[in-house]
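Participant: The structure's right below; bear with me while I get my questions together.
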Amino acid sequence: MTGRLRLLLAALACVVIAAAVAVVVTDPFSSAPSPGPVSAGSPAPGVAGTVNPALAPVPPASGAYFGAWVGPAVFTQANEILAVDQLQGQLGRKLAIVHTYLKWQAPFPTPSALTFLNQGSMLLISWAGTDTRQIVSGADDGWIRTRAAQVKALGKPVFLEWRWEMDRANLRSQVHSGAEYVAAWDHIRAIFAAAGVRNAAWVWCPTANGFSDGQAAAFYPGNNEVDWICADAYPAYGSTASFASTVTAFLGWASHYDKPVMIGEFGVPQSDGASQRAQWLRAAQQVVVADRQIKALLYFDANPAGQGPQGSYSLAGDPAALSAFRAIAAQPYFNPAVTRR
C-alpha cells in the first residue's frame, strides 16, 4: 500500500507541474454489415516481425498477451492509475499490455505511463492528432524527432500505434486517402529509425468493420513497415452482432500476411444486458483461442461521453460480464511469458 501511495502522490505532483494531458477516446462505430462466422479450421501463417526481438515486443511463443484500456469516469493521471489498479485487483493479475492514448504534441511520458511500465506491463501507445499532408510536408519533423527521443528514452518495450482507425469516414478530412496515410506513416517511421528507436513495435490498426466494406486494406503501409496487424472490433452501433461475425473479414485478410495479429480494442455494449454480455465475452474468447495468429487481445473498458448504453463498454457494475472477463484473464493461454531473445 505504501508503494502505491508513493506512486499516486508522484503522479499527482507531475500532473500539477505538467501541461494537461488530453486523452483521445475511440469512436468505434460503423454501419457496415456483419460478415459471416469465423472458420477455425484453416492453419494460421507464421508470425514474423521486423523489430529487434531483444528490445521491442514480439509475439509470445504460445498464447496471447492480455490487456485493456481502462478509462476513468473523470480523466486525470491519478484516476487512470487507480482505474487500472482497480481492474487488476478484480482480475487478480497485472495486465500484460496497458493501452494509453496520446495526442500529437501531448507531454510524454506521462506519470501513468511510467507507472504501468514500472509494474512490468508493456504499453500500447495510440498516438494521433494531425494532418497526414502536414506530416509529409516535413513541417512537423522536429516534433516527430522529439517524440522519437521520448519513446527511445523509455528503455522498455512498447507498442506504437499511429493514427488508429484511420479508415473511419469521419477522419477523412485529416487522413485524406490511403496513399497519403501510408506516406505519412512511412515518414514518421523513417524519422524514428534515424533516431535509433529500437524498442517500439509498430502496430497498424484500422476498424474490423473496415474489412467488411473493403475500405481498410487501402491504408496498409506494407509488410516492411508494419510489425503487428491490428483491428478494433465492436458490433455495429445498435446491433447485437457477435465478436466472431465482427472479426471474420479482418481475420481472413490477415491470414494472408506473415504478421502477428492484435485486437487493439474490443467491447460489448451495456445495452446488450448482463447475461448476453457475459455470453458474448465467452464466445469471443473461443474465437481468439481458435485463431493462433491472434497474439494480443485488449478490451476497451470505458464509457465514451455522450454515447449512451449502445456505445458504453465498461464492465463496472456488471458482475456477470466482469466474471466472464475475469475467467478469460485467468486462463494460462492469456498469461504467456513475454518473449525475449
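By order of appearance in the C-alpha cells: chains A, B, ..., then residues from 1 within every chain, and ligands from 1 in the order shown.
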Quick one: residues within 9 Å of Phe108 (chain A), only C-alpha atoms, excluding same-chain residues fewer than 5 positions away - as a PyMOL selection string?

Facilitator: chain A and resi 21+102+113+147+150-151

Participant: Go ahead and save the residues from that selection, with C-alpha atoms, as a tab-separated table (two decimals), in the first residue's frame.

Facilitator:
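Below you can see result.tsv, which holds the result:
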chain	number	residue	atom	x	y	z
A	21	VAL	CA	-2.64	15.53	-20.94
A	102	LEU	CA	-1.64	10.25	-26.72
A	113	ALA	CA	2.64	5.53	-18.49
A	147	ARG	CA	8.62	12.14	-29.79
A	150	GLN	CA	10.94	10.29	-25.77
A	151	VAL	CA	9.96	6.78	-26.83

Participant: Considering only C-alpha atoms, return as a PyMOL selection string whatever protein or nucleic-acid residues lie within 6 Å of region 300-312 of chain A, sequence-local ones (same chain, fewer than 2 positions apart) excluded.

Facilitator: chain A and resi 68-71+238+265-267+269-271+314

Participant: Write down as number ranges by chain the residues of region 24-234 of chain A whose backbone DSSP state falls under alpha helix (DSSP H).

Facilitator: A: 77-91, 111-118, 132-137, 141-154, 172-175, 178-194, 209-212

Participant: Could you please determine the separation between CA of Ala278 (chain A) and CA of Glu165 (chain A) in Å, to one decimal place?

Facilitator: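 Computing it gives 26.1 Å between the two atoms.
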
Participant: Looking only at strand (DSSP E) from DSSP on the backbone, list the matching residues of region 194-300 of chain A as a list in words.

Facilitator: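 Taking region 194-300 of chain A and keeping strand (DSSP E) only, one gets Ala200, Ala201, Trp202, Val203, Trp204, Trp228, Ile229, Cys230, Ala231, Asp232, Ala233, Val261, Met262, Ile263, Gly264, Glu265, Phe266, Ile294, Lys295, Ala296, Leu297, Leu298, Tyr299 and Phe300 of chain A.
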
Participant: Could the residues in this selection be written to a file with N, CA, C and O atoms, as an mmCIF file, in the first residue's frame?

Facilitator:
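The resulting file, selection-v2.cif, is shown below:
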data_model
loop_
_atom_site.group_PDB
_atom_site.id
_atom_site.type_symbol
_atom_site.label_atom_id
_atom_site.label_comp_id
_atom_site.auth_asym_id
_atom_site.auth_seq_id
_atom_site.Cartn_x
_atom_site.Cartn_y
_atom_site.Cartn_z
ATOM 1 N N ALA A 200 10.318 -0.038 -30.035
ATOM 2 C CA ALA A 200 8.904 0.087 -30.387
ATOM 3 C C ALA A 200 8.537 -0.885 -31.496
ATOM 4 O O ALA A 200 9.246 -0.983 -32.508
ATOM 5 N N ALA A 201 7.441 -1.602 -31.300
ATOM 6 C CA ALA A 201 6.847 -2.423 -32.354
ATOM 7 C C ALA A 201 5.693 -1.631 -32.953
ATOM 8 O O ALA A 201 4.820 -1.135 -32.226
ATOM 9 N N TRP A 202 5.661 -1.503 -34.278
ATOM 10 C CA TRP A 202 4.685 -0.657 -34.957
ATOM 11 C C TRP A 202 3.417 -1.446 -35.273
ATOM 12 O O TRP A 202 3.464 -2.487 -35.931
ATOM 13 N N VAL A 203 2.305 -0.918 -34.790
ATOM 14 C CA VAL A 203 1.007 -1.594 -34.874
ATOM 15 C C VAL A 203 0.100 -0.805 -35.812
ATOM 16 O O VAL A 203 -0.177 0.378 -35.579
ATOM 17 N N TRP A 204 -0.375 -1.460 -36.858
ATOM 18 C CA TRP A 204 -1.306 -0.837 -37.802
ATOM 19 C C TRP A 204 -2.707 -1.304 -37.468
ATOM 20 O O TRP A 204 -2.973 -2.495 -37.461
ATOM 21 N N TRP A 228 2.946 -5.456 -36.339
ATOM 22 C CA TRP A 228 1.730 -6.149 -35.908
ATOM 23 C C TRP A 228 0.550 -5.619 -36.717
ATOM 24 O O TRP A 228 0.398 -4.402 -36.878
ATOM 25 N N ILE A 229 -0.281 -6.531 -37.201
ATOM 26 C CA ILE A 229 -1.545 -6.166 -37.845
ATOM 27 C C ILE A 229 -2.631 -6.193 -36.775
ATOM 28 O O ILE A 229 -2.724 -7.139 -35.987
ATOM 29 N N CYS A 230 -3.468 -5.176 -36.769
ATOM 30 C CA CYS A 230 -4.423 -4.993 -35.677
ATOM 31 C C CYS A 230 -5.783 -4.592 -36.241
ATOM 32 O O CYS A 230 -5.890 -4.122 -37.377
ATOM 33 N N ALA A 231 -6.816 -4.761 -35.454
ATOM 34 C CA ALA A 231 -8.129 -4.189 -35.754
ATOM 35 C C ALA A 231 -8.849 -3.914 -34.449
ATOM 36 O O ALA A 231 -8.645 -4.610 -33.449
ATOM 37 N N ASP A 232 -9.682 -2.874 -34.462
ATOM 38 C CA ASP A 232 -10.574 -2.579 -33.349
ATOM 39 C C ASP A 232 -11.932 -3.163 -33.684
ATOM 40 O O ASP A 232 -12.506 -2.847 -34.734
ATOM 41 N N ALA A 233 -12.446 -4.015 -32.785
ATOM 42 C CA ALA A 233 -13.599 -4.858 -33.125
ATOM 43 C C ALA A 233 -14.776 -4.591 -32.195
ATOM 44 O O ALA A 233 -14.765 -4.998 -31.037
ATOM 45 N N VAL A 261 -1.213 -10.867 -35.060
ATOM 46 C CA VAL A 261 -2.452 -10.088 -35.037
ATOM 47 C C VAL A 261 -2.742 -9.624 -33.613
ATOM 48 O O VAL A 261 -2.578 -10.369 -32.650
ATOM 49 N N MET A 262 -3.174 -8.387 -33.503
ATOM 50 C CA MET A 262 -3.619 -7.814 -32.244
ATOM 51 C C MET A 262 -5.064 -7.342 -32.399
ATOM 52 O O MET A 262 -5.420 -6.741 -33.417
ATOM 53 N N ILE A 263 -5.897 -7.626 -31.413
ATOM 54 C CA ILE A 263 -7.194 -6.970 -31.304
ATOM 55 C C ILE A 263 -6.962 -5.801 -30.351
ATOM 56 O O ILE A 263 -6.885 -5.966 -29.138
ATOM 57 N N GLY A 264 -6.782 -4.605 -30.911
ATOM 58 C CA GLY A 264 -6.359 -3.453 -30.128
ATOM 59 C C GLY A 264 -7.445 -2.900 -29.233
ATOM 60 O O GLY A 264 -7.154 -2.328 -28.173
ATOM 61 N N GLU A 265 -8.685 -3.021 -29.656
ATOM 62 C CA GLU A 265 -9.840 -2.667 -28.849
ATOM 63 C C GLU A 265 -10.957 -3.646 -29.197
ATOM 64 O O GLU A 265 -11.121 -4.016 -30.360
ATOM 65 N N PHE A 266 -11.687 -4.072 -28.200
ATOM 66 C CA PHE A 266 -12.944 -4.762 -28.447
ATOM 67 C C PHE A 266 -13.832 -4.521 -27.246
ATOM 68 O O PHE A 266 -13.358 -4.216 -26.150
ATOM 69 N N ILE A 294 -3.706 -14.669 -33.651
ATOM 70 C CA ILE A 294 -4.002 -13.596 -32.704
ATOM 71 C C ILE A 294 -3.073 -13.745 -31.506
ATOM 72 O O ILE A 294 -3.127 -14.728 -30.773
ATOM 73 N N LYS A 295 -2.236 -12.753 -31.306
ATOM 74 C CA LYS A 295 -1.216 -12.811 -30.261
ATOM 75 C C LYS A 295 -1.390 -11.754 -29.174
ATOM 76 O O LYS A 295 -0.572 -11.676 -28.250
ATOM 77 N N ALA A 296 -2.418 -10.930 -29.271
ATOM 78 C CA ALA A 296 -2.709 -9.944 -28.227
ATOM 79 C C ALA A 296 -4.177 -9.567 -28.292
ATOM 80 O O ALA A 296 -4.739 -9.408 -29.391
ATOM 81 N N LEU A 297 -4.795 -9.431 -27.121
ATOM 82 C CA LEU A 297 -6.223 -9.134 -27.003
ATOM 83 C C LEU A 297 -6.403 -8.060 -25.938
ATOM 84 O O LEU A 297 -6.041 -8.265 -24.777
ATOM 85 N N LEU A 298 -6.986 -6.898 -26.334
ATOM 86 C CA LEU A 298 -7.136 -5.779 -25.407
ATOM 87 C C LEU A 298 -8.583 -5.288 -25.390
ATOM 88 O O LEU A 298 -9.143 -4.957 -26.445
ATOM 89 N N TYR A 299 -9.150 -5.222 -24.190
ATOM 90 C CA TYR A 299 -10.531 -4.766 -24.032
ATOM 91 C C TYR A 299 -10.567 -3.242 -23.886
ATOM 92 O O TYR A 299 -9.623 -2.630 -23.394
ATOM 93 N N PHE A 300 -11.697 -2.633 -24.309
ATOM 94 C CA PHE A 300 -11.930 -1.206 -24.147
ATOM 95 C C PHE A 300 -12.899 -1.031 -22.983
ATOM 96 O O PHE A 300 -14.114 -1.057 -23.143
#

Participant: Name the closest residue to Gly67 (chain A) among the candidates A:Leu315, A:Leu82, A:Val98, A:Leu91; distances are taken between atoms, counting only C-alpha atoms.

Facilitator: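 Going through A:Leu315, A:Leu82, A:Val98, A:Leu91 one by one, the smallest distance to Gly67 (chain A) is for A:Val98.
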
Participant: Skipping near chain neighbours, those fewer than 3 positions away, what residues fall within 9 Å of Val175 (chain A) using only C-alpha atoms, listed as an MDAnalysis selection string?

Facilitator: chainID A and resid 130:133 163 166:167 171:172 178 180:181

Participant: Could those selected residues go to a file with N, CA, C and O atoms, as a CSV table (one decimal), in the first residue's frame?

Facilitator:
chain,number,residue,atom,x,y,z
A,130,THR,N,-2.9,15.0,-36.1
A,130,THR,CA,-2.5,16.0,-37.0
A,130,THR,C,-2.8,15.4,-38.4
A,130,THR,O,-3.1,14.3,-38.6
A,131,ASP,N,-2.7,16.3,-39.4
A,131,ASP,CA,-3.0,16.0,-40.8
A,131,ASP,C,-1.9,15.2,-41.5
A,131,ASP,O,-0.7,15.6,-41.3
A,132,THR,N,-2.2,14.2,-42.3
A,132,THR,CA,-1.2,13.5,-43.0
A,132,THR,C,-0.4,14.3,-43.9
A,132,THR,O,0.8,14.1,-44.1
A,133,ARG,N,-1.0,15.3,-44.6
A,133,ARG,CA,-0.3,16.1,-45.5
A,133,ARG,C,0.7,17.0,-44.8
A,133,ARG,O,1.8,17.2,-45.4
A,163,ARG,N,-2.2,6.8,-35.5
A,163,ARG,CA,-3.5,7.1,-36.1
A,163,ARG,C,-4.3,5.8,-36.4
A,163,ARG,O,-4.5,5.4,-37.5
A,166,MET,N,-7.9,4.7,-38.9
A,166,MET,CA,-7.7,5.7,-40.0
A,166,MET,C,-8.7,5.6,-41.1
A,166,MET,O,-8.9,6.5,-41.9
A,167,ASP,N,-9.4,4.4,-41.2
A,167,ASP,CA,-10.3,4.2,-42.2
A,167,ASP,C,-11.7,4.7,-41.9
A,167,ASP,O,-12.6,4.7,-42.8
A,171,LEU,N,-12.8,10.7,-40.2
A,171,LEU,CA,-11.4,11.1,-40.2
A,171,LEU,C,-10.8,11.5,-41.6
A,171,LEU,O,-9.6,11.8,-41.7
A,172,ARG,N,-11.7,11.4,-42.6
A,172,ARG,CA,-11.2,11.6,-44.0
A,172,ARG,C,-10.6,12.9,-44.2
A,172,ARG,O,-9.6,13.1,-44.9
A,178,GLY,N,-5.8,6.6,-48.6
A,178,GLY,CA,-4.9,5.5,-48.2
A,178,GLY,C,-3.5,5.9,-48.6
A,178,GLY,O,-2.5,5.7,-47.8
A,180,GLU,N,-2.0,8.8,-48.9
A,180,GLU,CA,-1.5,9.9,-48.1
A,180,GLU,C,-1.2,9.4,-46.7
A,180,GLU,O,-0.3,9.8,-46.0
A,181,TYR,N,-2.1,8.5,-46.2
A,181,TYR,CA,-1.8,7.9,-44.9
A,181,TYR,C,-0.5,7.1,-44.9
A,181,TYR,O,0.3,7.2,-44.0

Participant: Do a neighbour search on Leu117 (chain A) at 12 Å with only C-alpha atoms, toss out local chain neighbours closer than 4 positions, and write the hits as a PDB file with N, CA and C atoms, in the first residue's frame.

Facilitator:
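File result-v8.pdb, as written:
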ATOM      1  N   ILE A  81      -4.394   5.717 -13.162  1.00  0.00           N
ATOM      2  CA  ILE A  81      -3.651   4.720 -12.399  1.00  0.00           C
ATOM      3  C   ILE A  81      -4.589   3.925 -11.497  1.00  0.00           C
ATOM      4  N   LYS A  94      -1.815  -8.661 -13.148  1.00  0.00           N
ATOM      5  CA  LYS A  94      -1.428  -7.465 -13.874  1.00  0.00           C
ATOM      6  C   LYS A  94      -1.819  -7.619 -15.343  1.00  0.00           C
ATOM      7  N   LEU A  95      -2.106  -6.521 -15.978  1.00  0.00           N
ATOM      8  CA  LEU A  95      -2.327  -6.524 -17.418  1.00  0.00           C
ATOM      9  C   LEU A  95      -0.974  -6.627 -18.116  1.00  0.00           C
ATOM     10  N   ALA A  96      -0.870  -7.528 -19.072  1.00  0.00           N
ATOM     11  CA  ALA A  96       0.381  -7.632 -19.827  1.00  0.00           C
ATOM     12  C   ALA A  96       0.610  -6.389 -20.676  1.00  0.00           C
ATOM     13  N   ILE A  97      -0.490  -5.824 -21.208  1.00  0.00           N
ATOM     14  CA  ILE A  97      -0.421  -4.600 -22.012  1.00  0.00           C
ATOM     15  C   ILE A  97      -1.442  -3.615 -21.462  1.00  0.00           C
ATOM     16  N   VAL A  98      -0.997  -2.405 -21.174  1.00  0.00           N
ATOM     17  CA  VAL A  98      -1.904  -1.323 -20.804  1.00  0.00           C
ATOM     18  C   VAL A  98      -1.985  -0.363 -21.983  1.00  0.00           C
ATOM     19  N   HIS A  99      -3.207  -0.123 -22.446  1.00  0.00           N
ATOM     20  CA  HIS A  99      -3.442   0.755 -23.591  1.00  0.00           C
ATOM     21  C   HIS A  99      -3.546   2.195 -23.096  1.00  0.00           C
ATOM     22  N   THR A 100      -2.894   3.116 -23.795  1.00  0.00           N
ATOM     23  CA  THR A 100      -2.976   4.528 -23.448  1.00  0.00           C
ATOM     24  C   THR A 100      -3.057   5.341 -24.733  1.00  0.00           C
ATOM     25  N   PRO A 109       6.899  11.094 -21.366  1.00  0.00           N
ATOM     26  CA  PRO A 109       5.966  10.109 -20.813  1.00  0.00           C
ATOM     27  C   PRO A 109       5.128  10.695 -19.681  1.00  0.00           C
ATOM     28  N   THR A 110       3.917  10.242 -19.579  1.00  0.00           N
ATOM     29  CA  THR A 110       3.034  10.673 -18.514  1.00  0.00           C
ATOM     30  C   THR A 110       3.333   9.887 -17.238  1.00  0.00           C
ATOM     31  N   PRO A 111       2.921  10.398 -16.081  1.00  0.00           N
ATOM     32  CA  PRO A 111       3.095   9.633 -14.844  1.00  0.00           C
ATOM     33  C   PRO A 111       2.426   8.265 -14.900  1.00  0.00           C
ATOM     34  N   SER A 112       1.242   8.198 -15.533  1.00  0.00           N
ATOM     35  CA  SER A 112       0.561   6.900 -15.608  1.00  0.00           C
ATOM     36  C   SER A 112       1.338   5.927 -16.481  1.00  0.00           C
ATOM     37  N   ALA A 113       1.867   6.407 -17.621  1.00  0.00           N
ATOM     38  CA  ALA A 113       2.642   5.530 -18.495  1.00  0.00           C
ATOM     39  C   ALA A 113       3.840   4.954 -17.753  1.00  0.00           C
ATOM     40  N   SER A 121       4.251  -3.987 -17.046  1.00  0.00           N
ATOM     41  CA  SER A 121       3.383  -4.089 -18.221  1.00  0.00           C
ATOM     42  C   SER A 121       4.055  -3.444 -19.432  1.00  0.00           C
ATOM     43  N   MET A 122       3.662  -3.882 -20.610  1.00  0.00           N
ATOM     44  CA  MET A 122       4.024  -3.200 -21.843  1.00  0.00           C
ATOM     45  C   MET A 122       2.960  -2.158 -22.140  1.00  0.00           C
ATOM     46  N   LEU A 123       3.334  -1.095 -22.845  1.00  0.00           N
ATOM     47  CA  LEU A 123       2.379  -0.063 -23.245  1.00  0.00           C
ATOM     48  C   LEU A 123       1.976  -0.258 -24.696  1.00  0.00           C
ATOM     49  N   LEU A 124       0.700  -0.053 -24.986  1.00  0.00           N
ATOM     50  CA  LEU A 124       0.235   0.181 -26.349  1.00  0.00           C
ATOM     51  C   LEU A 124      -0.091   1.663 -26.417  1.00  0.00           C
ATOM     52  N   ILE A 125       0.736   2.424 -27.138  1.00  0.00           N
ATOM     53  CA  ILE A 125       0.575   3.873 -27.242  1.00  0.00           C
ATOM     54  C   ILE A 125      -0.146   4.190 -28.546  1.00  0.00           C
ATOM     55  N   LEU A 154      12.498   5.709 -22.978  1.00  0.00           N
ATOM     56  CA  LEU A 154      11.794   4.813 -22.059  1.00  0.00           C
ATOM     57  C   LEU A 154      12.660   3.602 -21.723  1.00  0.00           C
ATOM     58  N   GLY A 155      13.394   3.114 -22.711  1.00  0.00           N
ATOM     59  CA  GLY A 155      14.276   1.975 -22.483  1.00  0.00           C
ATOM     60  C   GLY A 155      13.542   0.679 -22.230  1.00  0.00           C
ATOM     61  N   LYS A 156      12.256   0.652 -22.524  1.00  0.00           N
ATOM     62  CA  LYS A 156      11.447  -0.548 -22.308  1.00  0.00           C
ATOM     63  C   LYS A 156      10.577  -0.797 -23.538  1.00  0.00           C
ATOM     64  N   PRO A 157      10.177  -2.047 -23.764  1.00  0.00           N
ATOM     65  CA  PRO A 157       9.416  -2.360 -24.973  1.00  0.00           C
ATOM     66  C   PRO A 157       8.012  -1.769 -24.950  1.00  0.00           C
ATOM     67  N   VAL A 158       7.628  -1.145 -26.064  1.00  0.00           N
ATOM     68  CA  VAL A 158       6.288  -0.581 -26.212  1.00  0.00           C
ATOM     69  C   VAL A 158       5.753  -0.914 -27.598  1.00  0.00           C
ATOM     70  N   PHE A 159       4.442  -0.898 -27.697  1.00  0.00           N
ATOM     71  CA  PHE A 159       3.758  -0.962 -28.988  1.00  0.00           C
ATOM     72  C   PHE A 159       3.376   0.464 -29.360  1.00  0.00           C
TER      73      PHE A 159
END

Participant: So that I can see what lies close to region 182-192 of chain A, please list as a list of chain:residue names the residues with an atom at most 8 Å from it, counting only C-alpha atoms and leaving out residues fewer than 4 positions away in the same chain.

Facilitator: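 Answer for this query is A:Thr132, A:Arg133, A:Ile135, A:Val136, A:Asp141, A:Ile144, A:Arg145, A:Ala148, A:Trp162, A:Gly178, A:Gly196, A:Val197, A:Phe219, A:Tyr220, A:Pro221, A:Glu225.
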
Participant: Residues within 7 Å of Phe325 (chain A), please, as a ChimeraX atom specification. Count only C-alpha atoms; anything in the same chain fewer than 4 positions from it doesn't count.

Facilitator: /A:281,321,329

Participant: Can you spit out the residues from that selection as a JSON list (two decimals), in the first residue's frame, using N, CA, C and O atoms?

Facilitator:
[["chain", "number", "residue", "atom", "x", "y", "z"],
["A", 281, "LEU", "N", -18.72, -12.35, -24.36],
["A", 281, "LEU", "CA", -17.31, -12.40, -24.00],
["A", 281, "LEU", "C", -16.77, -13.82, -24.03],
["A", 281, "LEU", "O", -15.65, -14.06, -24.52],
["A", 321, "ALA", "N", -20.72, -9.87, -16.54],
["A", 321, "ALA", "CA", -19.73, -9.61, -17.59],
["A", 321, "ALA", "C", -18.33, -9.59, -17.00],
["A", 321, "ALA", "O", -17.39, -10.12, -17.61],
["A", 329, "ALA", "N", -9.13, -13.78, -18.32],
["A", 329, "ALA", "CA", -7.83, -13.32, -17.82],
["A", 329, "ALA", "C", -7.09, -14.39, -17.03],
["A", 329, "ALA", "O", -5.86, -14.39, -16.98]]

Participant: Smallest atom-to-atom distance to Leu160 (chain A): which of A:Pro260, A:Gly120, A:Gly63, A:Pro57, using only C-alpha atoms?

Facilitator: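 That would be A:Pro57, the residue with the smallest distance to Leu160 (chain A).
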
Participant: State, in Å with one decimal place, the distance from CA of Ala327 (chain A) to CA of Arg282 (chain A).

Facilitator: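 That distance, rounded to one decimal, is 8.6 Å.
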